[in-house]
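Student: File follows, coords34.txt with compact mmCIF, C-alpha atoms:
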```
# COMPACT_ATOMS: atom_id res chain seq x y z
CA MET A 277 14.12 5.65 -52.31
CA GLY A 278 14.04 8.18 -55.08
CA ALA A 279 16.85 9.13 -57.37
CA LYS A 280 17.83 12.43 -58.82
CA LEU A 281 18.99 12.53 -62.41
CA SER A 282 21.66 14.99 -63.12
CA GLY A 283 21.90 16.53 -66.56
CA SER A 284 25.36 17.96 -66.20
CA GLY A 285 28.57 16.07 -65.65
CA GLY A 286 29.08 12.41 -65.15
CA GLY A 287 28.39 9.59 -67.47
CA LYS A 288 25.21 8.22 -68.90
CA TYR A 289 24.51 5.98 -65.89
CA ASP A 290 25.67 8.33 -63.14
CA VAL A 291 22.75 8.64 -60.66
CA GLU A 292 22.86 10.72 -57.47
CA ALA A 293 20.84 9.66 -54.35
CA ASN A 294 17.88 11.84 -53.34
CA HIS A 295 17.87 12.69 -49.64
CA GLU A 296 14.37 14.21 -49.46
CA ILE A 297 11.50 12.48 -47.68
CA ASN A 298 8.68 11.33 -49.92
CA VAL A 299 5.42 12.06 -48.07
CA THR A 300 3.06 11.20 -50.91
CA PRO A 301 2.32 7.61 -49.72
CA PHE A 302 1.71 8.91 -46.19
CA VAL A 303 -0.75 11.55 -47.42
CA ASP A 304 -2.53 8.97 -49.59
CA VAL A 305 -3.01 6.61 -46.63
CA MET A 306 -4.26 9.44 -44.41
CA LEU A 307 -6.81 10.56 -47.00
CA VAL A 308 -8.11 7.01 -47.41
CA LEU A 309 -8.47 6.65 -43.62
CA LEU A 310 -10.25 10.02 -43.42
CA ILE A 311 -12.77 8.94 -46.05
CA ILE A 312 -13.35 5.61 -44.28
CA PHE A 313 -14.01 7.31 -40.95
CA MET A 314 -16.27 9.94 -42.54
CA VAL A 315 -18.39 7.16 -44.08
CA ALA A 316 -18.40 4.93 -40.97
CA ALA A 317 -19.14 7.60 -38.33
CA PRO A 318 -22.79 8.26 -39.28
CA MET A 319 -23.47 4.51 -39.29
CA ALA A 320 -22.35 4.22 -35.65
CA ALA A 321 -24.96 6.71 -34.40
CA VAL A 322 -28.49 5.52 -33.56
CA THR A 323 -30.99 7.58 -35.53
CA VAL A 324 -34.16 5.61 -34.83
CA GLN A 325 -36.37 7.54 -32.43
CA VAL A 326 -37.95 5.41 -29.68
CA ALA A 327 -40.12 6.60 -26.78
CA LEU A 328 -38.77 4.62 -23.84
CA PRO A 329 -41.12 3.79 -20.96
CA PRO A 330 -40.26 5.09 -17.51
CA ALA A 331 -38.58 2.74 -15.05
CA VAL A 332 -40.98 1.64 -12.34
CA ALA A 333 -38.66 -0.59 -10.33
CA GLU A 334 -38.15 0.40 -6.74
CA PRO A 335 -34.60 1.44 -5.92
CA SER A 336 -32.66 -1.27 -4.16
CA PRO A 337 -31.92 -0.64 -0.50
CA ASN A 338 -28.44 0.35 0.50
CA PRO A 339 -26.34 -2.52 1.77
CA PRO A 340 -25.98 -2.63 5.53
CA THR A 341 -23.06 -0.88 7.13
CA PRO A 342 -20.20 -3.37 7.55
CA VAL A 343 -19.11 -4.26 11.07
CA TYR A 344 -15.38 -3.96 11.76
CA ILE A 345 -13.59 -5.49 14.72
CA SER A 346 -10.12 -4.06 15.38
CA ILE A 347 -7.53 -5.79 17.57
CA GLN A 348 -4.55 -3.80 18.80
CA PRO A 349 -1.15 -5.31 19.71
CA ASN A 350 -1.84 -4.86 23.43
CA GLY A 351 -5.07 -6.91 23.15
CA ASN A 352 -7.58 -4.04 23.11
CA ILE A 353 -10.66 -4.88 21.03
CA TYR A 354 -12.86 -2.34 19.24
CA ILE A 355 -16.14 -2.71 17.36
CA GLY A 356 -16.07 0.18 14.93
CA ASP A 357 -14.73 2.98 17.13
CA SER A 358 -16.16 1.82 20.45
CA PRO A 359 -13.98 -0.23 22.80
CA THR A 360 -15.11 -3.61 24.12
CA ASP A 361 -13.56 -6.64 25.78
CA LEU A 362 -13.64 -10.33 25.02
CA ALA A 363 -16.28 -11.09 27.68
CA SER A 364 -18.82 -8.61 26.27
CA LEU A 365 -17.86 -9.01 22.59
CA GLY A 366 -20.84 -11.26 21.81
CA ASP A 367 -23.44 -8.83 23.19
CA ASP A 368 -21.74 -5.82 21.66
CA ILE A 369 -21.47 -7.40 18.21
CA ARG A 370 -25.15 -8.40 18.31
CA SER A 371 -26.15 -4.82 19.13
CA ALA A 372 -23.90 -3.52 16.31
CA VAL A 373 -25.49 -5.91 13.81
CA GLY A 374 -29.02 -5.16 14.97
CA ARG A 375 -31.86 -7.29 13.59
CA ARG A 376 -29.83 -8.74 10.73
CA ASP A 377 -29.30 -12.50 10.59
CA PRO A 378 -25.93 -13.40 12.18
CA ASN A 379 -25.57 -16.39 9.84
CA ARG A 380 -25.61 -14.08 6.82
CA GLU A 381 -23.65 -11.21 8.33
CA ARG A 382 -19.98 -10.82 7.39
CA ILE A 383 -17.71 -9.45 10.11
CA PHE A 384 -14.48 -7.75 9.08
CA ILE A 385 -11.49 -8.21 11.38
CA ARG A 386 -8.55 -5.81 11.36
CA ALA A 387 -5.70 -7.06 13.54
CA ASP A 388 -2.33 -5.40 14.00
CA LYS A 389 0.59 -7.42 12.67
CA ASP A 390 2.01 -7.62 16.21
CA THR A 391 -1.23 -8.96 17.73
CA LEU A 392 -0.80 -12.17 19.69
CA TYR A 393 -2.28 -15.24 18.06
CA GLY A 394 -4.17 -16.08 21.25
CA ASP A 395 -5.94 -12.70 21.26
CA PHE A 396 -6.95 -13.15 17.62
CA MET A 397 -8.24 -16.69 18.18
CA GLY A 398 -10.17 -15.53 21.24
CA VAL A 399 -12.07 -13.06 19.07
CA MET A 400 -12.65 -15.69 16.37
CA ASN A 401 -13.96 -18.22 18.94
CA MET A 402 -16.25 -15.64 20.51
CA LEU A 403 -17.70 -14.79 17.09
CA GLN A 404 -18.38 -18.45 16.35
CA ASP A 405 -19.93 -18.97 19.78
CA ASN A 406 -22.40 -16.17 18.96
CA GLY A 407 -23.34 -17.49 15.52
CA PHE A 408 -21.14 -15.29 13.31
CA TYR A 409 -19.45 -17.71 10.92
CA SER A 410 -18.69 -15.41 7.97
CA VAL A 411 -15.47 -13.58 8.76
CA ALA A 412 -13.25 -11.52 6.46
CA LEU A 413 -9.68 -10.61 7.37
CA ILE A 414 -8.40 -7.22 6.27
CA GLY A 415 -4.79 -6.61 5.28
CA THR A 416 -2.81 -4.01 3.37
CA ASP A 417 -1.98 -4.29 -0.31
CA GLU A 418 1.80 -4.37 -0.68
CA ARG A 419 1.92 -3.76 -4.44
```
Reformat the file's structure so that it appears as structure tokens.

Tutor:
Amino acid sequence: MGAKLSGSGGGKYDVEANHEINVTPFVDVMLVLLIIFMVAAPMAAVTVQVALPPAVAEPSPNPPTPVYISIQPNGNIYIGDSPTDLASLGDDIRSAVGRRDPNRERIFIRADKDTLYGDFMGVMNMLQDNGFYSVALIGTDER
């Protein structure tokens, strides 16, 4: 903190406090940082010119459309938006998957929170009976 010397009044050692902000150290630090960034910025840019070859890789195919099975509280089953029943679920899921390998296909199941456990297990058993072993359950994020 700075001090202000007073020439009039008071004794020889009478010093009054200075209430002004000293910005000189702040300005000094800012100027040093400015110089550092001015020197470092050109070094961060790549200035070497290189003729890059064109990419010749074939674009990867789009992943297959996921298959969703929805189970309502009253037991109604849907594949995507089309209704089905437990008896024809195997044939309908195979037609929805198409030629893809059922062992590698992941089926997403969306079941209502009020769905009966028996209805859910019926769908799971029917999927396993038809060779669909990779199943993902979908829920809501409560965060």

Student: Return the single residue from A:Leu392, A:Ala372, A:Ile297, A:Val308 that is closest to Ser358 (chain A), with distances computed using only C-alpha atoms.

Tutor: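 Result for the nearest residue to Ser358 (chain A): A:Ala372.
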
Student: Quick one, how far is CA of Ala412 (chain A) from CA of Ile385 (chain A)?

Tutor: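 Rounded to one decimal, the two atoms are 6.2 Å apart.
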
Student: Between CA of Ser410 (chain A) and CA of Pro335 (chain A), what is the spacing in Å?

Tutor: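 Separation of CA of Pro335 (chain A) and CA of Ser410 (chain A): 27.0 Å.
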
Student: Rounded to one decimal, what separation in Å do you get between CA of Leu413 (chain A) and CA of Asp388 (chain A)?

Tutor: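 Distance reported for this atom pair: 11.2 Å.
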
Student: Would you pick out the contacts of Pro340 (chain A) at 9 Å or less, using only C-alpha atoms, so that residues sharing its chain but fewer than 3 positions from it are not included, and give the list as a PyMOL selection string?

Tutor: chain A and resi 337+343+373+376

Student: What's around Ala363 (chain A) at 10 Å? Count all atoms listed in the file, leave out sequence neighbours fewer than 4 positions away in its own chain, and write the answer as a PDB file with C-alpha atoms, keeping the file's coordinate frame.

Tutor:
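File written: out03.pdb
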```pdb
ATOM      1  CA  ASP A 367     -23.440  -8.830  23.190  1.00  0.00           C
ATOM      2  CA  ASP A 368     -21.740  -5.820  21.660  1.00  0.00           C
ATOM      3  CA  GLY A 398     -10.170 -15.530  21.240  1.00  0.00           C
ATOM      4  CA  VAL A 399     -12.070 -13.060  19.070  1.00  0.00           C
ATOM      5  CA  MET A 402     -16.250 -15.640  20.510  1.00  0.00           C
TER       6      MET A 402
END
```

Student: Of the residues A:Ile414, A:Ala327, A:Val299, A:Met400, which is the one nearest to Leu362 (chain A), using all atoms listed in the file?

Tutor: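 The answer is A:Met400, which sits nearest to Leu362 (chain A).
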
Student: Taking the point (-12.5, 5.6, 13.3) as given in the file, collect each protein or nucleic acid residue that comes within 12 Å of it, counting only C-alpha atoms, and present the set as number ranges by chain.

Tutor: A: 344-346, 354-359

Student: Kindly indicate which residue among A:Asn379, A:Asn338, A:Asn401, A:Thr416 lies nearest to Gly366 (chain A), using only C-alpha atoms for the distances.

Tutor: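 Counting only C-alpha atoms, the residue closest to Gly366 (chain A) is A:Asn401.
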
Student: With only C-alpha atoms as the basis for distance, which of A:Asp390, A:Asp361, A:Glu381, A:Glu292 is at the shortest distance from Val411 (chain A)?

Tutor: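 Answer, going by the shortest atom-to-atom distance: A:Glu381.
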
Student: Give me, as a ChimeraX atom specification, all polymer residues having an atom no more than 10 Å from Arg370 (chain A), counting only C-alpha atoms and skipping those fewer than 4 positions away in the same chain.

Tutor: /A:365-366,374-378,403,406-408
